[in-house]
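Dumped run05.cif below, it's mmCIF, C-alpha atoms:
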data_model
loop_
_atom_site.label_atom_id
_atom_site.label_comp_id
_atom_site.auth_asym_id
_atom_site.auth_seq_id
_atom_site.Cartn_x
_atom_site.Cartn_y
_atom_site.Cartn_z
CA MET A 206 107.07 115.38 92.42
CA GLY A 207 106.00 118.30 94.63
CA SER A 208 108.56 120.66 96.09
CA ALA A 209 109.41 120.61 99.79
CA PRO A 210 107.72 123.30 101.93
CA PRO A 211 109.87 126.35 102.59
CA LEU A 212 111.76 126.46 105.89
CA LEU A 213 110.78 129.26 108.22
CA ALA A 214 113.59 131.72 108.92
CA SER A 215 112.83 132.08 112.64
CA PRO A 216 110.84 130.21 115.28
CA PRO A 217 107.13 130.91 114.71
CA GLU A 218 104.65 132.10 117.30
CA ILE A 219 102.79 128.96 118.37
CA THR A 220 100.04 128.64 120.95
CA VAL A 221 99.33 125.27 122.54
CA ARG A 222 95.84 124.75 123.91
CA PRO A 223 93.26 122.00 124.50
CA TYR A 224 91.30 120.78 121.50
CA SER A 225 87.78 122.16 121.04
CA VAL A 226 84.87 120.95 118.89
CA GLY A 227 85.53 123.68 116.34
CA ASP A 228 89.00 122.25 115.68
CA GLU A 229 87.72 119.07 114.05
CA GLU A 230 88.04 120.15 110.41
CA GLY A 231 91.47 121.70 110.92
CA VAL A 232 92.78 118.65 112.78
CA LEU A 233 91.54 116.22 110.12
CA THR A 234 93.05 118.38 107.38
CA LEU A 235 96.39 118.30 109.22
CA LEU A 236 96.27 114.52 109.74
CA ARG A 237 95.45 113.84 106.10
CA GLU A 238 98.17 116.17 104.88
CA VAL A 239 100.86 114.82 107.22
CA LEU A 240 99.95 111.16 107.65
CA GLY A 241 97.87 110.41 104.58
CA ALA A 242 95.23 107.70 104.60
CA GLY A 243 95.40 104.98 107.24
CA ARG A 244 96.38 101.47 106.18
CA ALA A 245 93.11 99.94 107.32
CA PHE A 246 90.83 102.99 107.54
CA ASP A 247 90.19 106.44 106.17
CA ARG A 248 90.69 109.56 108.26
CA SER A 249 87.02 110.43 108.21
CA VAL A 250 84.96 112.43 110.67
CA ALA A 251 83.20 109.22 111.72
CA PHE A 252 86.47 107.41 112.43
CA TRP A 253 87.87 110.39 114.36
CA ARG A 254 84.77 110.63 116.56
CA TRP A 255 84.60 106.86 117.11
CA LYS A 256 88.25 106.74 118.13
CA HIS A 257 88.42 109.79 120.37
CA PHE A 258 84.92 110.56 121.65
CA GLU A 259 82.75 107.42 121.60
CA THR A 260 84.96 105.05 123.59
CA PRO A 261 83.74 103.54 126.87
CA PHE A 262 86.90 104.90 128.52
CA GLY A 263 86.03 108.56 127.91
CA PRO A 264 87.08 111.29 125.46
CA SER A 265 90.73 111.57 124.52
CA LEU A 266 93.18 114.07 125.95
CA LEU A 267 93.83 116.29 122.91
CA LEU A 268 96.16 119.26 122.51
CA VAL A 269 96.65 121.40 119.40
CA ALA A 270 99.39 123.80 118.34
CA VAL A 271 98.07 126.88 116.57
CA ASN A 272 99.68 129.50 114.33
CA GLU A 273 96.66 131.14 112.64
CA ARG A 274 95.68 127.57 111.77
CA ILE A 275 96.26 124.20 113.45
CA VAL A 276 99.86 123.16 112.81
CA GLY A 277 100.29 120.44 115.43
CA LEU A 278 98.28 117.75 117.19
CA ARG A 279 98.96 115.47 120.15
CA ALA A 280 96.33 112.86 121.07
CA PHE A 281 96.29 110.62 124.13
CA MET A 282 93.47 108.10 123.80
CA ARG A 283 91.87 106.90 127.04
CA TRP A 284 92.29 103.24 128.00
CA ARG A 285 92.16 100.99 131.05
CA PHE A 286 93.89 97.85 132.21
CA CYS A 287 93.03 95.32 134.90
CA HIS A 288 95.87 94.15 137.09
CA GLY A 289 94.98 91.68 139.78
CA GLY A 290 92.00 93.14 141.59
CA ARG A 291 92.49 96.77 140.58
CA THR A 292 92.04 98.93 137.50
CA LEU A 293 94.84 101.08 136.11
CA THR A 294 93.92 104.16 134.09
CA ALA A 295 95.97 104.61 130.96
CA VAL A 296 96.29 106.75 127.88
CA ARG A 297 97.50 105.61 124.53
CA ALA A 298 99.78 107.98 122.60
CA VAL A 299 98.25 107.87 119.13
CA ASP A 300 97.68 110.61 116.54
CA THR A 301 100.54 113.09 116.42
CA ALA A 302 101.26 115.42 113.55
CA THR A 303 103.26 118.57 112.87
CA HIS A 304 102.78 120.56 109.69
CA PRO A 305 105.95 120.29 107.52
CA GLU A 306 106.54 124.05 107.62
CA PHE A 307 106.67 123.99 111.43
CA ARG A 308 109.01 121.08 112.00
CA ARG A 309 112.37 121.45 113.77
CA PHE A 310 110.86 123.94 116.21
CA GLY A 311 110.13 121.38 118.94
CA VAL A 312 106.36 121.27 118.36
CA PHE A 313 106.14 117.49 118.85
CA THR A 314 108.22 117.60 122.03
CA ARG A 315 106.33 120.56 123.49
CA LEU A 316 102.92 119.01 122.78
CA THR A 317 103.96 115.63 124.16
CA ARG A 318 105.48 116.98 127.38
CA LEU A 319 102.41 119.12 128.06
CA ALA A 320 100.13 116.13 127.38
CA VAL A 321 102.17 114.03 129.81
CA GLU A 322 101.80 116.75 132.47
CA HIS A 323 98.03 116.83 131.91
CA ALA A 324 97.83 113.03 132.18
CA ARG A 325 99.91 112.96 135.35
CA SER A 326 97.81 115.70 136.96
CA GLU A 327 94.66 113.69 136.23
CA GLY A 328 96.10 110.64 138.01
CA VAL A 329 96.71 108.52 134.90
CA ASP A 330 98.81 105.48 135.80
CA LEU A 331 100.63 104.85 132.53
CA ILE A 332 101.06 105.82 128.89
CA PHE A 333 101.55 103.18 126.22
CA ASN A 334 101.79 103.05 122.45
CA THR A 335 103.24 101.15 119.50
CA PRO A 336 105.35 103.74 117.63
CA ASN A 337 107.09 103.13 114.35
CA PRO A 338 110.91 102.90 114.36
CA ILE A 339 111.32 106.55 113.36
CA SER A 340 109.20 108.06 116.14
CA ARG A 341 110.28 105.50 118.76
CA ALA A 342 113.61 107.23 119.29
CA GLY A 343 111.84 110.47 120.17
CA TYR A 344 109.67 108.75 122.75
CA LEU A 345 112.65 107.05 124.37
CA LYS A 346 114.37 110.43 124.76
CA MET A 347 111.28 111.72 126.58
CA GLY A 348 111.18 108.95 129.16
CA TRP A 349 109.38 106.06 127.48
CA THR A 350 110.71 102.51 127.89
CA TYR A 351 110.89 100.01 125.07
CA VAL A 352 109.09 96.93 126.37
CA GLY A 353 109.49 94.63 123.38
CA LYS A 354 107.52 93.14 120.52
CA PRO A 355 104.48 91.08 121.52
CA ARG A 356 104.94 87.76 119.76
CA LEU A 357 102.87 87.16 116.63
CA LEU A 358 101.67 83.69 115.70
CA VAL A 359 100.70 82.66 112.18
CA ARG A 360 98.90 79.75 110.61
CA ILE A 361 99.82 79.42 106.95
CA LEU A 362 96.94 78.38 104.71
CA ARG A 363 98.46 78.99 101.23
CA PRO A 364 102.19 78.20 101.60
CA LEU A 365 103.09 78.61 97.92
CA ARG A 366 101.63 82.11 97.66
CA LEU A 367 103.31 83.10 100.91
CA ALA A 368 106.68 81.70 99.82
CA ARG A 369 106.44 83.49 96.47
CA SER A 370 105.72 86.79 98.23
CA LEU A 371 108.56 86.37 100.73
CA ALA A 372 110.95 85.60 97.86
CA GLY A 373 110.04 88.88 96.21
CA GLY A 374 107.93 87.33 93.47
CA ARG A 375 104.65 88.71 92.17
CA VAL A 376 101.49 87.53 93.87
CA ALA A 377 98.29 87.87 91.90
CA ASP A 378 96.26 90.69 93.37
CA GLY A 379 92.55 90.37 93.81
CA ASP A 380 89.77 90.60 96.32
CA GLY A 381 90.37 90.35 100.04
CA PRO A 382 89.78 87.14 102.00
CA ALA A 383 86.38 85.53 101.50
CA LEU A 384 84.53 84.49 104.67
CA ARG A 385 81.97 81.70 104.88
CA ALA A 386 79.71 80.28 107.61
CA PRO A 387 80.06 79.76 110.54
CA ILE A 388 81.75 83.18 110.44
CA ALA A 389 79.14 85.88 111.00
CA PRO A 390 78.95 89.68 111.33
CA VAL A 391 80.38 90.75 114.67
CA GLN A 392 76.98 92.13 115.70
CA ALA A 393 75.71 88.57 115.90
CA LEU A 394 78.17 88.01 118.75
CA VAL A 395 77.87 91.32 120.62
CA SER A 396 74.11 91.79 120.29
CA GLY A 397 72.76 88.45 119.13
CA GLY A 398 71.17 87.16 122.33
CA LEU A 399 74.19 85.14 123.45
CA ASP A 400 75.42 85.15 127.05
CA LEU A 401 78.54 87.04 126.05
CA GLU A 402 79.01 88.54 129.51
CA GLY A 403 79.30 85.02 130.91
CA LEU A 404 82.13 84.22 128.49
CA LEU A 405 83.87 87.55 129.15
CA ARG A 406 83.63 87.10 132.91
CA GLU A 407 85.14 83.61 132.72
CA ASP A 408 87.78 84.64 130.17
CA GLY A 409 88.82 87.54 132.41
CA ARG A 410 89.89 85.06 135.06
CA LEU A 411 92.68 83.92 132.72
CA ALA A 412 94.71 87.14 132.96
CA GLY A 413 96.80 85.64 135.74
CA GLY A 414 97.69 88.96 137.32
CA ARG A 415 98.93 90.45 134.02
CA LEU A 416 97.88 93.77 132.54
CA ARG A 417 94.84 93.22 130.39
CA THR A 418 92.14 95.38 128.82
CA PRO A 419 88.87 94.76 130.70
CA ARG A 420 86.48 93.25 128.19
CA THR A 421 82.76 93.89 128.46
CA THR A 422 79.95 93.74 125.92
CA ALA A 423 80.02 97.55 125.77
CA PHE A 424 83.75 97.52 125.01
CA LEU A 425 83.41 94.89 122.26
CA GLN A 426 80.44 96.74 120.78
CA TRP A 427 82.50 99.94 120.57
CA ARG A 428 85.78 98.33 119.53
CA TYR A 429 84.40 95.98 116.88
CA GLY A 430 80.69 96.59 116.37
CA ALA A 431 80.87 100.36 115.86
CA ALA A 432 84.35 100.78 114.34
CA SER A 433 83.85 103.11 111.40
CA GLY A 434 84.93 101.57 108.11
CA LEU A 435 86.50 98.45 109.64
CA PRO A 436 84.93 95.07 108.72
CA TYR A 437 84.99 92.90 111.85
CA HIS A 438 83.43 89.44 112.02
CA ALA A 439 83.05 86.76 114.67
CA CYS A 440 82.91 83.02 115.13
CA TRP A 441 82.07 81.06 118.27
CA ARG A 442 81.25 77.64 119.68
CA GLY A 443 78.49 76.94 122.16
CA VAL A 444 75.17 78.58 123.02
CA PRO A 445 73.78 80.37 124.89
CA THR A 446 77.16 80.91 126.63
CA PRO A 447 79.94 80.37 124.09
CA ALA A 448 82.77 78.11 125.21
CA ALA A 449 85.11 80.08 122.96
CA ALA A 450 84.79 82.97 120.52
CA THR A 451 87.01 84.93 118.19
CA VAL A 452 86.73 88.35 116.55
CA LEU A 453 88.51 88.65 113.23
CA ARG A 454 89.19 91.14 110.45
CA PRO A 455 89.96 90.36 106.79
CA ASN A 456 92.85 92.39 105.41
CA ARG A 457 95.28 92.67 102.53
CA ARG A 458 99.00 93.00 103.20
CA ARG A 459 101.57 93.20 100.39
CA GLY A 460 99.18 91.50 98.03
CA LEU A 461 98.47 88.63 100.43
CA ARG A 462 95.08 87.83 101.92
CA GLU A 463 95.39 88.10 105.68
CA VAL A 464 92.87 87.37 108.42
CA VAL A 465 93.68 89.08 111.71
CA LEU A 466 92.41 87.26 114.82
CA CYS A 467 91.81 90.29 117.03
CA GLU A 468 90.35 88.45 120.03
CA LEU A 469 90.38 84.87 121.24
CA LEU A 470 88.06 84.48 124.23
CA ILE A 471 88.05 81.17 126.12
CA ARG A 472 86.23 79.82 129.14
CA PRO A 473 88.58 78.04 131.57
CA GLY A 474 88.82 74.35 130.76
CA MET A 475 87.60 74.85 127.19
CA VAL A 476 90.89 74.69 125.27
CA ASP A 477 89.64 71.81 123.10
CA GLU A 478 86.64 73.92 122.07
CA ALA A 479 88.95 76.85 121.30
CA VAL A 480 91.17 74.64 119.13
CA ALA A 481 88.11 73.35 117.27
CA LEU A 482 86.94 76.94 116.81
CA LEU A 483 90.29 77.94 115.27
CA HIS A 484 90.04 75.01 112.87
CA ASP A 485 86.51 76.18 111.98
CA VAL A 486 87.90 79.60 111.11
CA ALA A 487 90.73 78.17 109.00
CA ASP A 488 88.21 76.08 107.04
CA ALA A 489 85.83 79.03 106.55
CA VAL A 490 88.21 81.63 105.10
CA ASP A 491 89.75 81.87 101.66
CA ALA A 492 92.97 83.52 102.83
CA ASP A 493 96.71 83.03 102.65
CA TYR A 494 97.28 83.03 106.39
CA LEU A 495 95.81 83.78 109.82
CA VAL A 496 97.70 85.95 112.30
CA ALA A 497 97.16 86.34 116.05
CA HIS A 498 98.89 87.33 119.27
CA ALA A 499 98.75 85.70 122.66
CA ALA A 500 100.99 86.19 125.66
CA ARG A 501 103.23 83.25 126.47
CA ARG A 502 101.96 80.63 128.91
CA THR A 503 98.31 81.57 128.46
CA LEU A 504 95.31 79.49 127.47
CA GLN A 505 95.09 81.54 124.26
CA ALA A 506 98.68 80.70 123.32
CA GLN A 507 98.10 77.03 124.11
CA ALA A 508 95.02 76.90 121.87
CA LEU A 509 96.74 78.70 118.99
CA ILE A 510 99.79 76.43 119.04
CA ARG A 511 97.61 73.32 119.17
CA ALA A 512 95.62 74.65 116.20
CA GLY A 513 98.72 74.86 114.02
CA PHE A 514 99.93 78.41 114.62
CA ILE A 515 103.68 78.98 114.73
CA PRO A 516 105.59 81.93 116.27
CA LEU A 517 107.03 84.73 114.13
CA PRO A 518 110.10 85.87 116.13
CA GLY A 519 110.97 89.55 115.89
CA MET A 520 107.82 90.50 114.01
CA GLY A 521 104.95 92.70 115.09
CA PRO A 522 104.42 96.10 116.69
CA ALA A 523 106.89 97.50 119.22
CA LEU A 524 105.32 98.25 122.60
CA THR A 525 106.61 101.24 124.58
CA VAL A 526 105.43 102.39 128.01
CA ARG A 527 105.84 105.35 130.32
CA PRO A 528 104.74 104.61 133.90
CA LEU A 529 103.31 107.65 135.72
CA SER A 530 102.35 106.16 139.07
CA PRO A 531 103.62 103.67 141.67
CA ALA A 532 100.77 101.34 140.64
CA ALA A 533 102.18 101.07 137.12
CA SER A 534 105.64 100.34 138.50
CA GLU A 535 104.23 97.71 140.85
CA ALA A 536 102.54 96.07 137.87
CA ALA A 537 105.96 95.81 136.15
CA ALA A 538 104.52 97.59 133.11
CA THR A 539 107.96 97.94 131.51
CA ARG A 540 108.33 94.14 131.25
CA LEU A 541 106.74 92.32 128.31
CA SER A 542 105.91 89.33 130.52
CA ALA A 543 103.59 91.56 132.58
CA TRP A 544 101.19 92.05 129.65
CA HIS A 545 98.25 89.96 128.42
CA LEU A 546 97.23 91.74 125.22
CA SER A 547 95.23 90.75 122.18
CA LEU A 548 95.96 91.75 118.62
CA GLY A 549 92.86 93.94 118.87
CA ASP A 550 94.65 95.94 121.57
CA LEU A 551 97.58 96.53 119.23
CA GLU A 552 96.18 96.97 115.73
CA VAL A 553 94.58 99.96 113.95
CA PHE A 554 95.26 102.70 116.51
#
For the file at hand, write its structure as structure tokens.
Amino acid sequence: MGSAPPLLASPPEITVRPYSVGDEEGVLTLLREVLGAGRAFDRSVAFWRWKHFETPFGPSLLLVAVNERIVGLRAFMRWRFCHGGRTLTAVRAVDTATHPEFRRFGVFTRLTRLAVEHARSEGVDLIFNTPNPISRAGYLKMGWTYVGKPRLLVRILRPLRLARSLAGGRVADGDGPALRAPIAPVQALVSGGLDLEGLLREDGRLAGGRLRTPRTTAFLQWRYGAASGLPYHACWRGVPTPAAATVLRPNRRRGLREVVLCELLIRPGMVDEAVALLHDVADAVDADYLVAHAARRTLQAQALIRAGFIPLPGMGPALTVRPLSPAASEAAATRLSAWHLSLGDLEVF
């Protein structure tokens, strides 16, 4: 085992400034050293650029702490939400890292507070993220509100393997979930000649005044078609305008074969088609279970329950929010019932 880094005897001289292009190598070195490899991705140059500079919402708000080298990073990723007839600008508090030698000097707090000031001065409406239990306490001290855990729903496909894993038994490791037709590469959905915009326009009407990421073909292409190192797939029913479509990602979790349903898009009145689509997916994957999220009392939740999904109480990522404008407060952003998220909004980042 390696020894712990030496503690500095006195507070170091640290400069906080905006990120510049020349910082890329130093920032990635810091992230790899502090955070290690991501669960579902590597911390590559391609992933960094996709996440922070190629999004349809604009380049991230990035600050670095410097002491001869980069010793701290604070990243606010741009996002947007629709609420009723208006758009709220948002940032997502994501990558944050402090070099072990420079901890306990308030680097995280200083970077975060300055980033919040920058966001507020730009007119950003709200900050949101899904911190782990350790970092959540720090956010709450700085003014974030714990909103709750968006409810996960699961359809169990291999109950014996799942039960053995939950009981602490060994589950034979192997390849990830196998996918068969009608599941196709996600590019077949986002650039395959389908009337995807028609489906997205109709599906957007289902938000019911809740906060929801505006979905366009450009957004889906970035989020799922261009995601570096992440294998997304799609399945749909109906052409040229699909009645329902889903975007999914095969994954391994604790030795189990998981399929994450990142999006479930439905045209109003097409719940039966959505249910049939979910059955198609269950029949076409060699996996232990499917997992999804849908806000309560939505068409998505109705379709998932009818297709055999059951709720997992208390599981899933913890959503925290910091409203910065009256518009965010009016949207009740600190209440879980005000949100209409997908698992694709919550995973990976």
Subject >> Counting all atoms listed in the file, the option among A:Ala448, A:Ala538, A:Leu358, A:Leu435 closest to Arg501 (chain A) >> reply: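 Closest to Arg501 (chain A), using all atoms listed in the file: A:Leu358.
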**OP:** Using the chain letters and numbers from the file, give me the residues hit by the PyMOL selection byres ((chain A and resi 452) around 6), as a list in words.
**Re:**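 Given this file, the PyMOL selection byres ((chain A and resi 452) around 6) evaluates to His438, Ala439, Thr451, Leu453, Cys467 and Glu468 of chain A.
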Original post:
Restricting the calculation to all atoms listed in the file, which member of A:Phe286, A:Tyr351, A:Phe310, A:Phe424 is positioned closest to Leu541 (chain A)?
Top reply: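 For Leu541 (chain A), the nearest of the candidates is A:Tyr351.
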**OP:** Give me the result of the PyMOL selection byres ((chain A and resi 261-274) around 8) on this file, residue by residue, as number ranges by chain.
**Re:** A: 217-224, 231, 257-260, 275-285, 312, 316, 320, 324, 423-424, 427
Subject >> Residue nearest Val490 (chain A) among A:Leu524, A:Leu384, A:Ile515, A:Ala533 (counting only C-alpha atoms) >> reply: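 The shortest atom-to-atom distance to Val490 (chain A) comes from A:Leu384.
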Original post:
What's the 12 Å shell around Thr446 (chain A), counting all atoms listed in the file, without same-chain residues fewer than 3 positions away, as a list in words?
Top reply: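 The neighbour list is Leu394, Gly397, Gly398, Leu399, Asp400, Leu401, Glu402, Gly403, Leu404, Leu405, Arg406, Glu407, Asp408, Trp441, Arg442, Gly443, Ala449, Ala450, Leu470, Ile471 and Arg472 of chain A.
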**OP:** Quick one: everything within 10 Å of Ala500 (chain A), counting only C-alpha atoms, minus sequence neighbours fewer than 3 positions away in the same chain. Send it as number ranges by chain.
**Re:** A: 355-357, 412, 415, 503-507, 541-547
Original post:
Ser326 (chain A): which residues within 12 Å, counting all atoms listed in the file, same-chain residues fewer than 5 positions away excluded, as number ranges by chain?
Top reply: A: 319-321, 529-530
**OP:** Could you tell me how far CA of Ser370 (chain A) lies from CA of Gly549 (chain A), in Å and to one decimal?
**Re:**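 Distance reported for this atom pair: 25.3 Å.
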**OP:** Using all atoms listed in the file, pick whichever of A:Gly348, A:Gly434, A:Pro382, A:Gly241 has the shortest atom-to-atom distance to Ile332 (chain A).
**Re:**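 The answer is A:Gly348, which sits nearest to Ile332 (chain A).
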Original post:
When distances are computed from all atoms listed in the file, which of A:Arg360, A:His498, A:Arg291, A:Arg318 shows the smallest separation from His484 (chain A)?
Top reply: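 Among the listed residues, A:Arg360 lies closest to His484 (chain A).
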**OP:** One decimal, Å: what's the distance from CA of Tyr437 (chain A) over to CA of Val391 (chain A), could you say?
**Re:**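 Distance reported for this atom pair: 5.8 Å.
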**OP:** Can you work out the spacing between CA of Val480 (chain A) and CA of Ala508 (chain A) in Å, to one decimal?
**Re:**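 These two atoms are separated by 5.2 Å.
Closest to Asp550 (chain A) among A:Ser433, A:Gln426, A:Ser534, A:Thr335 is A:Thr335, based on all atoms listed in the file.
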**OP:** Decode the PyMOL selection byres ((chain A and resi 290) around 12) for the given file into explicit residues and return them as a list in words.
**Re:** Phe286, Cys287, His288, Gly289, Arg291, Thr292, Leu293, Gly409, Arg410, Ala412, Gly413, Gly414, Arg415, Leu416, Arg417, Pro419 and Ala536 of chain A
Test item: residues at most 7 Å from Pro336 (chain A), all atoms listed in the file, excluding those fewer than 3 positions along its chain, as a PDB file with C-alpha atoms, in the frame of the given file:
ATOM      1  CA  SER A 340     109.200 108.060 116.140  1.00  0.00           C
ATOM      2  CA  ARG A 341     110.280 105.500 118.760  1.00  0.00           C
ATOM      3  CA  ALA A 523     106.890  97.500 119.220  1.00  0.00           C
TER       4      ALA A 523
END
Can I get region 523-544 of chain A with N, CA, C and O atoms filled in, as a short mmCIF file (atom, residue, chain, number, x, y, z; two decimals), in the coordinates of the input?
data_model
loop_
_atom_site.label_atom_id
_atom_site.label_comp_id
_atom_site.auth_asym_id
_atom_site.auth_seq_id
_atom_site.Cartn_x
_atom_site.Cartn_y
_atom_site.Cartn_z
N ALA A 523 106.01 97.29 118.08
CA ALA A 523 106.89 97.50 119.22
C ALA A 523 106.13 98.24 120.31
O ALA A 523 105.61 99.34 120.08
N LEU A 524 106.05 97.65 121.49
CA LEU A 524 105.32 98.25 122.60
C LEU A 524 106.27 99.11 123.44
O LEU A 524 107.35 98.66 123.84
N THR A 525 105.86 100.36 123.69
CA THR A 525 106.61 101.24 124.58
C THR A 525 105.67 101.75 125.67
O THR A 525 104.46 101.87 125.45
N VAL A 526 106.23 102.03 126.84
CA VAL A 526 105.43 102.39 128.01
C VAL A 526 106.12 103.50 128.79
O VAL A 526 107.36 103.55 128.86
N ARG A 527 105.32 104.39 129.36
CA ARG A 527 105.84 105.35 130.32
C ARG A 527 105.00 105.29 131.58
O ARG A 527 103.87 105.79 131.61
N PRO A 528 105.48 104.64 132.64
CA PRO A 528 104.74 104.61 133.90
C PRO A 528 104.66 106.01 134.51
O PRO A 528 105.63 106.77 134.48
N LEU A 529 103.50 106.34 135.08
CA LEU A 529 103.31 107.65 135.72
C LEU A 529 102.98 107.53 137.20
O LEU A 529 102.93 108.55 137.89
N SER A 530 102.77 106.33 137.68
CA SER A 530 102.35 106.16 139.07
C SER A 530 103.04 104.95 139.68
O SER A 530 103.50 104.05 138.96
N PRO A 531 103.08 104.87 141.02
CA PRO A 531 103.62 103.67 141.67
C PRO A 531 102.86 102.41 141.28
O PRO A 531 103.47 101.33 141.19
N ALA A 532 101.55 102.53 141.01
CA ALA A 532 100.77 101.34 140.64
C ALA A 532 101.28 100.73 139.34
O ALA A 532 101.33 99.51 139.19
N ALA A 533 101.65 101.58 138.38
CA ALA A 533 102.18 101.07 137.12
C ALA A 533 103.53 100.39 137.32
O ALA A 533 103.83 99.37 136.70
N SER A 534 104.35 100.96 138.20
CA SER A 534 105.64 100.34 138.50
C SER A 534 105.45 99.01 139.21
O SER A 534 106.15 98.02 138.92
N GLU A 535 104.51 98.96 140.14
CA GLU A 535 104.23 97.71 140.85
C GLU A 535 103.73 96.62 139.91
O GLU A 535 103.96 95.43 140.14
N ALA A 536 103.04 97.03 138.85
CA ALA A 536 102.54 96.07 137.87
C ALA A 536 103.62 95.63 136.89
O ALA A 536 103.34 94.82 136.00
N ALA A 537 104.83 96.15 137.04
CA ALA A 537 105.96 95.81 136.15
C ALA A 537 105.62 96.09 134.70
O ALA A 537 105.91 95.29 133.80
N ALA A 538 105.02 97.26 134.45
CA ALA A 538 104.52 97.59 133.11
C ALA A 538 105.62 97.70 132.06
O ALA A 538 105.32 97.67 130.86
N THR A 539 106.87 97.85 132.47
CA THR A 539 107.96 97.94 131.51
C THR A 539 108.54 96.58 131.14
O THR A 539 109.53 96.50 130.42
N ARG A 540 107.91 95.51 131.60
CA ARG A 540 108.33 94.14 131.25
C ARG A 540 107.28 93.50 130.37
O ARG A 540 106.09 93.51 130.70
N LEU A 541 107.68 92.92 129.25
CA LEU A 541 106.74 92.32 128.31
C LEU A 541 105.95 91.19 128.95
O LEU A 541 104.77 90.99 128.65
N SER A 542 106.58 90.46 129.87
CA SER A 542 105.91 89.33 130.52
C SER A 542 104.77 89.76 131.42
O SER A 542 103.96 88.92 131.85
N ALA A 543 104.66 91.06 131.71
CA ALA A 543 103.59 91.56 132.58
C ALA A 543 102.31 91.83 131.81
O ALA A 543 101.29 92.18 132.42
N TRP A 544 102.33 91.66 130.48
CA TRP A 544 101.19 92.05 129.65
C TRP A 544 100.45 90.83 129.12
O TRP A 544 101.04 89.81 128.80
#
